[in-house]
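Q: Okay, so here is work00.cif, and as you'll see once you scroll down, it has mmCIF, C-alpha atoms.
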data_input
loop_
_atom_site.group_PDB
_atom_site.id
_atom_site.type_symbol
_atom_site.label_atom_id
_atom_site.label_comp_id
_atom_site.auth_asym_id
_atom_site.auth_seq_id
_atom_site.Cartn_x
_atom_site.Cartn_y
_atom_site.Cartn_z
ATOM 1 C CA MET R 1288 3.223 10.652 13.976
ATOM 2 C CA ILE R 1289 0.705 13.016 12.400
ATOM 3 C CA GLU R 1290 0.702 14.880 9.121
ATOM 4 C CA LEU R 1291 -0.572 18.465 8.763
ATOM 5 C CA ILE R 1292 -0.914 20.550 5.618
ATOM 6 C CA ILE R 1293 0.351 23.993 6.583
ATOM 7 C CA ASN R 1294 -0.099 26.681 3.933
ATOM 8 C CA GLY R 1295 -0.303 23.991 1.300
ATOM 9 C CA LYS R 1296 2.812 22.075 2.389
ATOM 10 C CA PRO R 1297 2.682 18.689 4.139
ATOM 11 C CA GLU R 1298 4.555 18.523 7.460
ATOM 12 C CA ARG R 1299 5.067 15.558 9.786
ATOM 13 C CA LEU R 1300 5.080 16.021 13.559
ATOM 14 C CA ASP R 1301 5.701 13.529 16.349
ATOM 15 C CA GLU R 1302 2.576 14.499 18.250
ATOM 16 C CA ALA R 1303 -0.438 16.760 17.824
ATOM 17 C CA PRO R 1304 0.299 20.293 19.065
ATOM 18 C CA SER R 1305 -2.171 23.028 19.900
ATOM 19 C CA VAL R 1306 -2.415 25.855 17.389
ATOM 20 C CA LEU R 1307 -0.542 28.068 19.853
ATOM 21 C CA ALA R 1308 2.256 25.509 20.349
ATOM 22 C CA LEU R 1309 2.660 25.211 16.591
ATOM 23 C CA LEU R 1310 2.859 29.001 16.184
ATOM 24 C CA GLU R 1311 5.374 29.240 19.042
ATOM 25 C CA ALA R 1312 7.542 26.522 17.524
ATOM 26 C CA ARG R 1313 7.666 28.502 14.263
ATOM 27 C CA GLN R 1314 8.325 31.862 15.972
ATOM 28 C CA LEU R 1315 4.977 33.156 14.781
ATOM 29 C CA ALA R 1316 3.113 33.473 18.078
ATOM 30 C CA SER R 1317 3.705 37.207 18.536
ATOM 31 C CA LYS R 1318 2.782 38.151 14.964
ATOM 32 C CA ARG R 1319 -0.420 39.693 13.696
ATOM 33 C CA LEU R 1320 -1.826 36.692 11.864
ATOM 34 C CA ALA R 1321 -4.979 34.661 11.453
ATOM 35 C CA VAL R 1322 -5.442 30.895 11.366
ATOM 36 C CA GLU R 1323 -7.972 28.818 9.495
ATOM 37 C CA ARG R 1324 -8.293 25.083 10.200
ATOM 38 C CA ASN R 1325 -10.106 22.904 7.671
ATOM 39 C CA GLY R 1326 -11.929 25.943 6.320
ATOM 40 C CA GLU R 1327 -12.996 27.326 9.723
ATOM 41 C CA ILE R 1328 -11.428 30.279 11.545
ATOM 42 C CA VAL R 1329 -9.652 29.445 14.796
ATOM 43 C CA PRO R 1330 -10.129 32.616 16.886
ATOM 44 C CA LYS R 1331 -7.048 33.924 18.705
ATOM 45 C CA GLY R 1332 -8.641 33.146 22.049
ATOM 46 C CA GLN R 1333 -8.879 29.474 21.028
ATOM 47 C CA HIS R 1334 -5.303 28.974 19.837
ATOM 48 C CA ALA R 1335 -4.160 27.515 23.147
ATOM 49 C CA HIS R 1336 -7.154 25.165 23.426
ATOM 50 C CA THR R 1337 -7.371 23.913 19.853
ATOM 51 C CA LEU R 1338 -5.526 20.616 19.433
ATOM 52 C CA LEU R 1339 -4.568 19.777 15.885
ATOM 53 C CA ALA R 1340 -5.260 16.346 14.442
ATOM 54 C CA ASP R 1341 -3.829 14.167 11.706
ATOM 55 C CA GLY R 1342 -4.810 15.435 8.254
ATOM 56 C CA ASP R 1343 -5.707 18.980 9.367
ATOM 57 C CA ARG R 1344 -5.270 21.654 6.733
ATOM 58 C CA LEU R 1345 -4.092 24.976 8.135
ATOM 59 C CA GLU R 1346 -3.911 28.381 6.539
ATOM 60 C CA ILE R 1347 -1.821 30.937 8.430
ATOM 61 C CA VAL R 1348 -2.082 34.409 6.891
ATOM 62 C CA VAL R 1349 -0.829 37.949 7.387
ATOM 63 C CA ALA R 1350 -1.542 41.323 5.794
ATOM 64 C CA VAL R 1351 0.760 42.277 2.919
ATOM 65 C CA GLY R 1352 0.896 45.173 0.495
ATOM 66 C CA GLY R 1353 -1.902 45.116 -2.046
ATOM 67 C CA GLY R 1354 -4.486 47.159 -3.890
ATOM 68 C CA MET Y 1197 -16.829 73.341 4.387
ATOM 69 C CA ASN Y 1198 -17.832 70.012 5.879
ATOM 70 C CA ASP Y 1199 -17.747 67.659 2.941
ATOM 71 C CA SER Y 1200 -16.845 64.348 4.442
ATOM 72 C CA LEU Y 1201 -17.130 60.967 2.764
ATOM 73 C CA MET Y 1202 -19.534 58.703 4.669
ATOM 74 C CA ILE Y 1203 -19.001 54.973 4.358
ATOM 75 C CA ALA Y 1204 -20.972 52.553 6.537
ATOM 76 C CA GLY Y 1205 -21.819 55.327 8.976
ATOM 77 C CA LYS Y 1206 -18.248 56.501 9.463
ATOM 78 C CA SER Y 1207 -16.981 59.802 8.078
ATOM 79 C CA TYR Y 1208 -13.646 60.353 6.351
ATOM 80 C CA ARG Y 1209 -12.003 63.639 5.407
ATOM 81 C CA SER Y 1210 -10.060 62.182 2.489
ATOM 82 C CA ARG Y 1211 -11.814 60.918 -0.633
ATOM 83 C CA LEU Y 1212 -8.633 59.271 -1.839
ATOM 84 C CA LEU Y 1213 -8.179 55.622 -0.889
ATOM 85 C CA VAL Y 1214 -4.864 53.989 -1.658
ATOM 86 C CA GLY Y 1215 -3.405 50.536 -2.017
ATOM 87 C CA THR Y 1216 -0.191 49.396 -0.397
ATOM 88 C CA GLY Y 1217 1.184 47.112 -3.112
ATOM 89 C CA LYS Y 1218 4.085 47.468 -5.551
ATOM 90 C CA TYR Y 1219 6.208 49.852 -3.468
ATOM 91 C CA LYS Y 1220 9.986 49.503 -3.224
ATOM 92 C CA ASP Y 1221 9.871 49.030 0.551
ATOM 93 C CA PHE Y 1222 7.740 49.807 3.594
ATOM 94 C CA ALA Y 1223 9.401 53.214 4.079
ATOM 95 C CA GLU Y 1224 8.285 54.283 0.612
ATOM 96 C CA THR Y 1225 4.823 52.814 1.230
ATOM 97 C CA ARG Y 1226 4.386 54.882 4.368
ATOM 98 C CA ALA Y 1227 5.843 58.082 2.874
ATOM 99 C CA ALA Y 1228 3.525 57.861 -0.151
ATOM 100 C CA ILE Y 1229 0.481 57.155 1.985
ATOM 101 C CA ASP Y 1230 1.271 60.077 4.256
ATOM 102 C CA ALA Y 1231 1.642 62.351 1.209
ATOM 103 C CA SER Y 1232 -1.677 61.097 -0.206
ATOM 104 C CA GLY Y 1233 -3.557 62.022 2.961
ATOM 105 C CA ALA Y 1234 -5.507 58.759 2.615
ATOM 106 C CA GLU Y 1235 -7.253 57.450 5.709
ATOM 107 C CA ILE Y 1236 -8.404 54.163 4.182
ATOM 108 C CA VAL Y 1237 -5.671 51.868 2.869
ATOM 109 C CA THR Y 1238 -6.111 48.491 1.236
ATOM 110 C CA VAL Y 1239 -4.062 45.427 2.117
ATOM 111 C CA ALA Y 1240 -3.938 41.896 0.730
ATOM 112 C CA ILE Y 1241 -4.153 38.706 2.785
ATOM 113 C CA ARG Y 1242 -1.499 36.095 2.047
ATOM 114 C CA ARG Y 1243 0.049 32.982 3.533
ATOM 115 C CA THR Y 1244 2.856 33.847 5.913
ATOM 116 C CA ASN Y 1245 6.395 32.606 5.393
ATOM 117 C CA ILE Y 1246 6.925 29.794 7.826
ATOM 118 C CA GLY Y 1247 10.264 29.151 9.430
ATOM 119 C CA GLN Y 1248 12.088 31.982 7.686
ATOM 120 C CA ASN Y 1249 12.582 35.637 8.544
ATOM 121 C CA ALA Y 1250 10.983 35.516 11.966
ATOM 122 C CA ASP Y 1251 11.904 39.182 12.382
ATOM 123 C CA GLU Y 1252 10.526 40.235 9.008
ATOM 124 C CA PRO Y 1253 8.733 43.584 9.390
ATOM 125 C CA ASN Y 1254 4.959 43.469 9.238
ATOM 126 C CA LEU Y 1255 2.908 45.846 7.092
ATOM 127 C CA LEU Y 1256 0.533 46.503 9.987
ATOM 128 C CA ASP Y 1257 3.457 47.821 12.060
ATOM 129 C CA VAL Y 1258 4.096 50.378 9.308
ATOM 130 C CA LEU Y 1259 0.392 51.175 8.898
ATOM 131 C CA PRO Y 1260 -1.060 50.740 12.379
ATOM 132 C CA PRO Y 1261 -4.804 49.964 12.364
ATOM 133 C CA GLU Y 1262 -5.214 52.468 15.198
ATOM 134 C CA ARG Y 1263 -4.194 55.235 12.778
ATOM 135 C CA PHE Y 1264 -5.470 53.989 9.386
ATOM 136 C CA THR Y 1265 -8.676 52.255 8.401
ATOM 137 C CA ILE Y 1266 -7.336 49.008 6.983
ATOM 138 C CA LEU Y 1267 -9.369 47.697 4.061
ATOM 139 C CA PRO Y 1268 -8.488 44.045 3.441
ATOM 140 C CA ASN Y 1269 -9.072 42.932 -0.116
ATOM 141 C CA THR Y 1270 -9.659 39.661 -1.918
ATOM 142 C CA ALA Y 1271 -7.246 40.334 -4.768
ATOM 143 C CA GLY Y 1272 -6.302 37.112 -6.513
ATOM 144 C CA CYS Y 1273 -9.569 35.343 -5.658
ATOM 145 C CA TYR Y 1274 -11.450 33.830 -8.592
ATOM 146 C CA THR Y 1275 -14.393 32.284 -6.718
ATOM 147 C CA ALA Y 1276 -16.929 33.559 -4.192
ATOM 148 C CA ASP Y 1277 -15.820 30.821 -1.802
ATOM 149 C CA ASP Y 1278 -12.154 31.898 -1.817
ATOM 150 C CA ALA Y 1279 -13.141 35.556 -1.392
ATOM 151 C CA VAL Y 1280 -15.387 34.794 1.597
ATOM 152 C CA ARG Y 1281 -12.716 32.627 3.268
ATOM 153 C CA THR Y 1282 -10.099 35.329 2.715
ATOM 154 C CA LEU Y 1283 -12.249 38.022 4.297
ATOM 155 C CA ARG Y 1284 -13.159 35.847 7.277
ATOM 156 C CA LEU Y 1285 -9.418 35.425 7.853
ATOM 157 C CA ALA Y 1286 -9.000 39.190 7.462
ATOM 158 C CA ARG Y 1287 -11.701 39.853 10.048
ATOM 159 C CA GLU Y 1288 -9.940 37.534 12.484
ATOM 160 C CA LEU Y 1289 -6.579 39.147 11.695
ATOM 161 C CA LEU Y 1290 -7.980 42.646 12.286
ATOM 162 C CA ASP Y 1291 -9.852 41.828 15.511
ATOM 163 C CA GLY Y 1292 -13.385 41.774 14.154
ATOM 164 C CA HIS Y 1293 -13.032 44.632 11.670
ATOM 165 C CA ALA Y 1294 -16.023 44.518 9.281
ATOM 166 C CA LEU Y 1295 -15.170 46.959 6.448
ATOM 167 C CA VAL Y 1296 -13.712 45.030 3.492
ATOM 168 C CA LYS Y 1297 -13.040 45.307 -0.211
ATOM 169 C CA LEU Y 1298 -14.535 42.461 -2.215
ATOM 170 C CA GLU Y 1299 -13.128 41.679 -5.623
ATOM 171 C CA VAL Y 1300 -13.634 38.412 -7.455
ATOM 172 C CA LEU Y 1301 -11.621 38.261 -10.629
ATOM 173 C CA GLY Y 1302 -12.646 36.678 -13.881
ATOM 174 C CA ASP Y 1303 -9.355 36.052 -15.618
ATOM 175 C CA PRO Y 1304 -5.678 36.757 -14.950
ATOM 176 C CA VAL Y 1305 -5.098 38.684 -18.185
ATOM 177 C CA SER Y 1306 -7.715 41.418 -17.809
ATOM 178 C CA LEU Y 1307 -8.366 41.092 -14.047
ATOM 179 C CA PHE Y 1308 -11.914 41.954 -15.059
ATOM 180 C CA PRO Y 1309 -14.397 41.127 -12.292
ATOM 181 C CA ASN Y 1310 -16.404 37.899 -12.415
ATOM 182 C CA MET Y 1311 -19.746 39.509 -11.638
ATOM 183 C CA PRO Y 1312 -21.833 36.354 -10.933
ATOM 184 C CA GLU Y 1313 -19.254 35.263 -8.328
ATOM 185 C CA THR Y 1314 -18.984 38.834 -7.005
ATOM 186 C CA LEU Y 1315 -22.754 39.011 -6.466
ATOM 187 C CA LYS Y 1316 -22.735 35.595 -4.769
ATOM 188 C CA ALA Y 1317 -19.883 36.561 -2.426
ATOM 189 C CA ALA Y 1318 -21.522 39.903 -1.627
ATOM 190 C CA GLU Y 1319 -24.737 38.110 -0.513
ATOM 191 C CA ILE Y 1320 -22.828 35.800 1.820
ATOM 192 C CA LEU Y 1321 -20.629 38.548 3.260
ATOM 193 C CA VAL Y 1322 -23.457 41.013 3.903
ATOM 194 C CA LYS Y 1323 -25.463 38.276 5.682
ATOM 195 C CA ASP Y 1324 -22.354 37.514 7.738
ATOM 196 C CA GLY Y 1325 -22.128 41.113 9.002
ATOM 197 C CA PHE Y 1326 -19.414 42.465 6.715
ATOM 198 C CA GLU Y 1327 -19.495 46.027 5.376
ATOM 199 C CA VAL Y 1328 -18.675 45.376 1.760
ATOM 200 C CA MET Y 1329 -17.072 47.843 -0.632
ATOM 201 C CA VAL Y 1330 -17.158 46.065 -3.935
ATOM 202 C CA TYR Y 1331 -15.003 46.212 -7.059
ATOM 203 C CA CYS Y 1332 -17.293 45.737 -10.048
ATOM 204 C CA ALA Y 1333 -17.769 46.175 -13.750
ATOM 205 C CA ASP Y 1334 -19.003 49.594 -14.878
ATOM 206 C CA ASP Y 1335 -22.426 48.064 -15.447
ATOM 207 C CA PRO Y 1336 -25.210 50.147 -13.908
ATOM 208 C CA ILE Y 1337 -27.565 47.176 -13.592
ATOM 209 C CA GLN Y 1338 -25.152 45.008 -11.631
ATOM 210 C CA ALA Y 1339 -23.939 47.983 -9.594
ATOM 211 C CA LYS Y 1340 -27.553 48.474 -8.503
ATOM 212 C CA MET Y 1341 -27.868 44.770 -7.672
ATOM 213 C CA LEU Y 1342 -24.808 45.024 -5.421
ATOM 214 C CA GLU Y 1343 -26.316 48.032 -3.688
ATOM 215 C CA GLU Y 1344 -29.609 46.177 -3.185
ATOM 216 C CA ILE Y 1345 -27.730 43.234 -1.655
ATOM 217 C CA GLY Y 1346 -26.460 45.702 0.946
ATOM 218 C CA CYS Y 1347 -22.953 46.651 -0.157
ATOM 219 C CA VAL Y 1348 -21.849 49.904 1.521
ATOM 220 C CA ALA Y 1349 -20.049 51.235 -1.569
ATOM 221 C CA VAL Y 1350 -19.822 50.230 -5.212
ATOM 222 C CA MET Y 1351 -16.464 50.600 -6.921
ATOM 223 C CA PRO Y 1352 -16.584 50.275 -10.696
ATOM 224 C CA LEU Y 1353 -13.387 50.096 -12.681
ATOM 225 C CA ALA Y 1354 -12.493 53.104 -14.820
ATOM 226 C CA SER Y 1355 -10.215 50.863 -16.891
ATOM 227 C CA LEU Y 1356 -8.315 47.643 -16.203
ATOM 228 C CA ILE Y 1357 -6.489 47.190 -12.877
ATOM 229 C CA GLY Y 1358 -2.938 48.469 -13.135
ATOM 230 C CA SER Y 1359 -3.438 49.725 -16.712
ATOM 231 C CA GLY Y 1360 -3.291 53.463 -16.031
ATOM 232 C CA MET Y 1361 -5.622 53.962 -19.004
ATOM 233 C CA GLY Y 1362 -7.819 56.476 -17.188
ATOM 234 C CA ILE Y 1363 -11.582 56.945 -17.388
ATOM 235 C CA LEU Y 1364 -12.612 54.996 -20.478
ATOM 236 C CA ASN Y 1365 -16.380 55.154 -20.132
ATOM 237 C CA PRO Y 1366 -17.489 58.255 -18.250
ATOM 238 C CA TRP Y 1367 -21.081 57.745 -19.396
ATOM 239 C CA ASN Y 1368 -21.420 54.399 -17.642
ATOM 240 C CA LEU Y 1369 -19.877 55.868 -14.514
ATOM 241 C CA ARG Y 1370 -22.425 58.689 -14.635
ATOM 242 C CA LEU Y 1371 -25.282 56.197 -14.976
ATOM 243 C CA ILE Y 1372 -24.017 54.357 -11.903
ATOM 244 C CA ILE Y 1373 -23.503 57.568 -9.915
ATOM 245 C CA ASP Y 1374 -26.880 59.047 -10.834
ATOM 246 C CA GLN Y 1375 -28.828 56.047 -9.582
ATOM 247 C CA ALA Y 1376 -26.714 55.075 -6.566
ATOM 248 C CA THR Y 1377 -27.721 55.745 -2.978
ATOM 249 C CA VAL Y 1378 -24.395 54.449 -1.610
ATOM 250 C CA PRO Y 1379 -20.986 55.985 -2.336
ATOM 251 C CA VAL Y 1380 -19.527 55.255 -5.767
ATOM 252 C CA LEU Y 1381 -15.732 55.096 -5.974
ATOM 253 C CA VAL Y 1382 -13.646 54.572 -9.050
ATOM 254 C CA ASP Y 1383 -11.451 51.585 -8.330
ATOM 255 C CA ALA Y 1384 -8.780 50.786 -10.887
ATOM 256 C CA GLY Y 1385 -7.498 52.416 -14.029
ATOM 257 C CA VAL Y 1386 -6.443 55.855 -12.856
ATOM 258 C CA GLY Y 1387 -3.059 56.715 -14.390
ATOM 259 C CA THR Y 1388 -2.361 60.292 -13.452
ATOM 260 C CA ALA Y 1389 -3.788 63.237 -11.545
ATOM 261 C CA SER Y 1390 -6.138 64.446 -14.278
ATOM 262 C CA ASP Y 1391 -7.810 60.996 -14.367
ATOM 263 C CA ALA Y 1392 -8.560 61.276 -10.656
ATOM 264 C CA ALA Y 1393 -9.900 64.808 -11.132
ATOM 265 C CA ILE Y 1394 -12.158 63.656 -13.986
ATOM 266 C CA ALA Y 1395 -13.549 60.837 -11.838
ATOM 267 C CA MET Y 1396 -14.386 63.310 -9.090
ATOM 268 C CA GLU Y 1397 -15.834 65.873 -11.528
ATOM 269 C CA LEU Y 1398 -18.173 63.155 -12.793
ATOM 270 C CA GLY Y 1399 -19.529 62.962 -9.263
ATOM 271 C CA CYS Y 1400 -17.690 59.964 -7.865
ATOM 272 C CA ASP Y 1401 -17.569 60.001 -4.080
ATOM 273 C CA GLY Y 1402 -13.959 58.882 -4.055
ATOM 274 C CA VAL Y 1403 -11.146 57.213 -5.917
ATOM 275 C CA LEU Y 1404 -9.147 54.127 -4.989
ATOM 276 C CA MET Y 1405 -5.771 53.684 -6.616
ATOM 277 C CA ASN Y 1406 -2.488 51.884 -6.149
ATOM 278 C CA THR Y 1407 -0.312 51.503 -9.243
ATOM 279 C CA ALA Y 1408 -0.711 55.126 -10.383
ATOM 280 C CA ILE Y 1409 1.137 56.162 -7.237
ATOM 281 C CA ALA Y 1410 3.412 53.173 -6.616
ATOM 282 C CA HIS Y 1411 4.696 52.977 -10.190
ATOM 283 C CA ALA Y 1412 5.144 56.710 -10.738
ATOM 284 C CA LYS Y 1413 8.806 57.682 -11.054
ATOM 285 C CA ASP Y 1414 8.422 59.582 -7.790
ATOM 286 C CA PRO Y 1415 5.622 57.866 -5.844
ATOM 287 C CA VAL Y 1416 5.608 60.352 -2.963
ATOM 288 C CA LEU Y 1417 5.247 63.331 -5.294
ATOM 289 C CA MET Y 1418 2.518 61.554 -7.274
ATOM 290 C CA ALA Y 1419 0.687 60.779 -4.027
ATOM 291 C CA SER Y 1420 0.667 64.490 -3.269
ATOM 292 C CA ALA Y 1421 -0.567 65.245 -6.803
ATOM 293 C CA MET Y 1422 -3.389 62.723 -6.427
ATOM 294 C CA LYS Y 1423 -4.464 64.259 -3.136
ATOM 295 C CA LYS Y 1424 -4.791 67.648 -4.813
ATOM 296 C CA ALA Y 1425 -6.479 66.211 -7.908
ATOM 297 C CA VAL Y 1426 -9.143 64.453 -5.857
ATOM 298 C CA GLU Y 1427 -9.758 67.620 -3.835
ATOM 299 C CA ALA Y 1428 -9.828 69.807 -6.950
ATOM 300 C CA GLY Y 1429 -12.152 67.439 -8.798
ATOM 301 C CA ARG Y 1430 -14.488 67.285 -5.820
ATOM 302 C CA GLU Y 1431 -14.623 71.076 -5.493
ATOM 303 C CA ALA Y 1432 -15.247 71.452 -9.231
ATOM 304 C CA PHE Y 1433 -18.095 68.927 -8.999
ATOM 305 C CA LEU Y 1434 -19.653 70.780 -6.052
ATOM 306 C CA ALA Y 1435 -19.129 74.164 -7.719
ATOM 307 C CA GLY Y 1436 -20.915 72.964 -10.858
ATOM 308 C CA ARG Y 1437 -19.153 73.487 -14.143
ATOM 309 C CA MET Y 1438 -20.291 76.077 -16.675
ATOM 310 C CA PRO Y 1439 -22.386 74.761 -19.534
ATOM 311 C CA ARG Y 1440 -20.468 73.651 -22.616
ATOM 312 C CA LYS Y 1441 -21.180 75.890 -25.608
ATOM 313 C CA HIS Y 1442 -20.132 74.164 -28.769
ATOM 314 C CA TYR Y 1443 -21.045 76.817 -31.325
ATOM 315 C CA SER Y 1444 -20.706 80.216 -29.681
ATOM 316 C CA ALA Y 1445 -17.751 81.930 -28.108
ATOM 317 C CA ASP Y 1446 -18.394 84.312 -25.233
ATOM 318 C CA PRO Y 1447 -15.669 86.872 -24.432
ATOM 319 C CA SER Y 1448 -14.466 87.072 -20.856
ATOM 320 C CA SER Y 1449 -13.541 90.763 -21.138
ATOM 321 C CA PRO Y 1450 -15.986 93.689 -21.541
ATOM 322 C CA THR Y 1451 -17.153 94.308 -25.106
ATOM 323 C CA SER Y 1452 -17.583 98.066 -24.499
ATOM 324 C CA GLY Y 1453 -15.038 100.776 -23.716
ATOM 325 C CA LEU Y 1454 -12.489 99.598 -26.218
ATOM 326 C CA ILE Y 1455 -10.082 102.289 -27.335
ATOM 327 C CA GLY Y 1456 -10.778 103.791 -30.712
ATOM 328 C CA SER Y 1457 -14.524 103.074 -30.476
#
Show how you would write the structure in this file as structure tokens.
A:
Amino acid sequence: MIELIINGKPERLDEAPSVLALLEARQLASKRLAVERNGEIVPKGQHAHTLLADGDRLEIVVAVGGG
Amino acid sequence: MNDSLMIAGKSYRSRLLVGTGKYKDFAETRAAIDASGAEIVTVAIRRTNIGQNADEPNLLDVLPPERFTILPNTAGCYTADDAVRTLRLARELLDGHALVKLEVLGDPVSLFPNMPETLKAAEILVKDGFEVMVYCADDPIQAKMLEEIGCVAVMPLASLIGSGMGILNPWNLRLIIDQATVPVLVDAGVGTASDAAIAMELGCDGVLMNTAIAHAKDPVLMASAMKKAVEAGREAFLAGRMPRKHYSADPSSPTSGLIGS
């Protein structure tokens, strides 16, 4: 069991997924988004190879309307 | 007449930059932006909804980056650190895109910029390869500092963000314009078309606005008005206005040949 903080909310998972697996599980994989893990960008090309670990803090962002 | 706006080595035909916030829906956003003729459009970066609305439309599908220059902002950031993190996410989101709008706010009531944090963020971002257009106070000294750091455009407020109060201190804007060697854009405060025209007549290189269009009763019509106002103000600036004569009138019609003379 691991715990991740995803966009500020704690979530428990049975095992550590890759960033890509997490995005796929949440139906986000095909979206234009960006991921930051513990303050560092995870480039798109690394999503499949980056394994998440207990305590990781993720920010998953998109573009929205703004001035 | 070739009178393009050059920012970071790229030329733009439109001197009107628009935000994408506060519209009723994406259809209205796109219609207003098309009517404005803007080529550069700002967007905000926010956490995505997780687990809900998987089919929710995405702003970047409505405003494709292949067609528009997307200018991600740091609206809502109160520290240099948050602004830098937000723009690094934006760069990743937009496939390495370097042109960004930096704004670091000082307090949620006035949304006035926190200039020490703005200067700090600008230093970090410029060193990291970003092309920084920066929202700032209408302070000529700090505007110059931002330019010296390497910002590609300085964008003083004309009045508070979203206030629609117009150009409150044209003299400070003129001081900033007269000394700047990078484009100066009014960012924030424009309320209606004449405000945009005044900014351009002062010699601003462009105007960035959002609420003045989005919160007009008819946003698409206001977008069209703003396009014309920015063009008219620019042409008036280039044409050079006549001198003001406070004490003497000067008739426009001939003074000779009047009947009965």
Q: Would you tabulate, counting all atoms listed in the file, all residues of chain Y that have an atom at most 7 Å from an atom of chain R, showing the closest pair of atoms and their distance in Å to one decimal, sorted by chain then ascending number, as a tab-separated table?
A:
residue	atom	partner	partner_atom	distance
Y:Gly1215	CA	R:Gly1354	CA	4.0
Y:Thr1216	CA	R:Gly1352	CA	4.5
Y:Gly1217	CA	R:Gly1353	CA	3.8
Y:Thr1238	CA	R:Gly1354	CA	5.5
Y:Val1239	CA	R:Gly1353	CA	4.7
Y:Ala1240	CA	R:Gly1353	CA	4.7
Y:Ile1241	CA	R:Ala1350	CA	4.8
Y:Arg1242	CA	R:Val1348	CA	5.2
Y:Arg1243	CA	R:Val1348	CA	4.2
Y:Thr1244	CA	R:Val1348	CA	5.1
Y:Ile1246	CA	R:Arg1313	CA	6.6
Y:Gly1247	CA	R:Arg1313	CA	5.5
Y:Ala1250	CA	R:Gln1314	CA	6.0
Y:Leu1255	CA	R:Val1351	CA	5.9
Y:Leu1256	CA	R:Ala1350	CA	7.0
Y:Leu1285	CA	R:Ala1321	CA	5.8
Y:Glu1288	CA	R:Ala1321	CA	5.8
Y:Leu1289	CA	R:Ala1321	CA	4.8
Y:Asn1406	CA	R:Gly1354	CA	5.6
Q: What's the separation between atom CA of Ala1421 of chain Y and atom CA of Ala1408 of chain Y, in Å to one decimal place?
A: 10.7 Å
Q: Grab the atom CA of Leu1307 of chain R to atom CA of Gly1272 of chain Y distance for me, in Å with one decimal place.
A: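 That distance, rounded to one decimal, is 28.5 Å.
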Q: Check what the PyMOL selection byres ((chain Y and resi 1231) around 12) selects in the file above and give those residues as an NGL selection string.
A: :Y and (1210 or 1212 or 1214 or 1224-1230 or 1232-1235 or 1409 or 1414-1424)
Q: Selection in question (the file shown): the PyMOL selection byres ((chain R and resi 1344) around 7). Which residues does it include, as a list of chain:residue names?
A: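 For this structure, the PyMOL selection byres ((chain R and resi 1344) around 7) captures R:Leu1291, R:Ile1292, R:Ile1293, R:Arg1324, R:Asn1325, R:Gly1342, R:Asp1343, R:Leu1345, R:Glu1346.
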Q: Quick one: distance from atom CA of Leu1290 of chain Y to atom CA of Glu1262 of chain Y in Å, one decimal?
A: 10.6 Å
Q: Which residue out of Y:Ala1276, Y:Ile1320, Y:Ala1432, Y:Ala1286 has the minimum interatomic distance to Leu1301 of chain Y when all atoms listed in the file are used?
A: Y:Ala1276
Q: Counting only C-alpha atoms, which of Y:Asp1374, Y:Met1405, Y:Gly1456, Y:Met1438 gets nearest to Lys1218 of chain Y?
A: Y:Met1405
Q: Check what the PyMOL selection byres ((chain R and resi 1340) around 9) selects in the file above and give those residues as a list in words.
A: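 The output of the PyMOL selection byres ((chain R and resi 1340) around 9) on this file is Ile1289, Glu1290, Leu1291, Glu1302, Ala1303, Pro1304, Leu1338, Leu1339, Asp1341, Gly1342 and Asp1343 of chain R.
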Q: Tell me which of Y:Glu1252, Y:Asp1383, Y:Glu1299, Y:Glu1427 sits closest to Pro1268 of chain Y, counting only C-alpha atoms.
A: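 Among the listed residues, the smallest separation from Pro1268 of chain Y belongs to Y:Glu1299.
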Q: Out of Y:Glu1327, Y:Asp1291, Y:Asp1277, Y:Asp1257, which residue has the shortest atom-to-atom distance to Gly1332 of chain R when counting all atoms listed in the file?
A: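 Of the candidates, the smallest distance to Gly1332 of chain R is held by Y:Asp1291.
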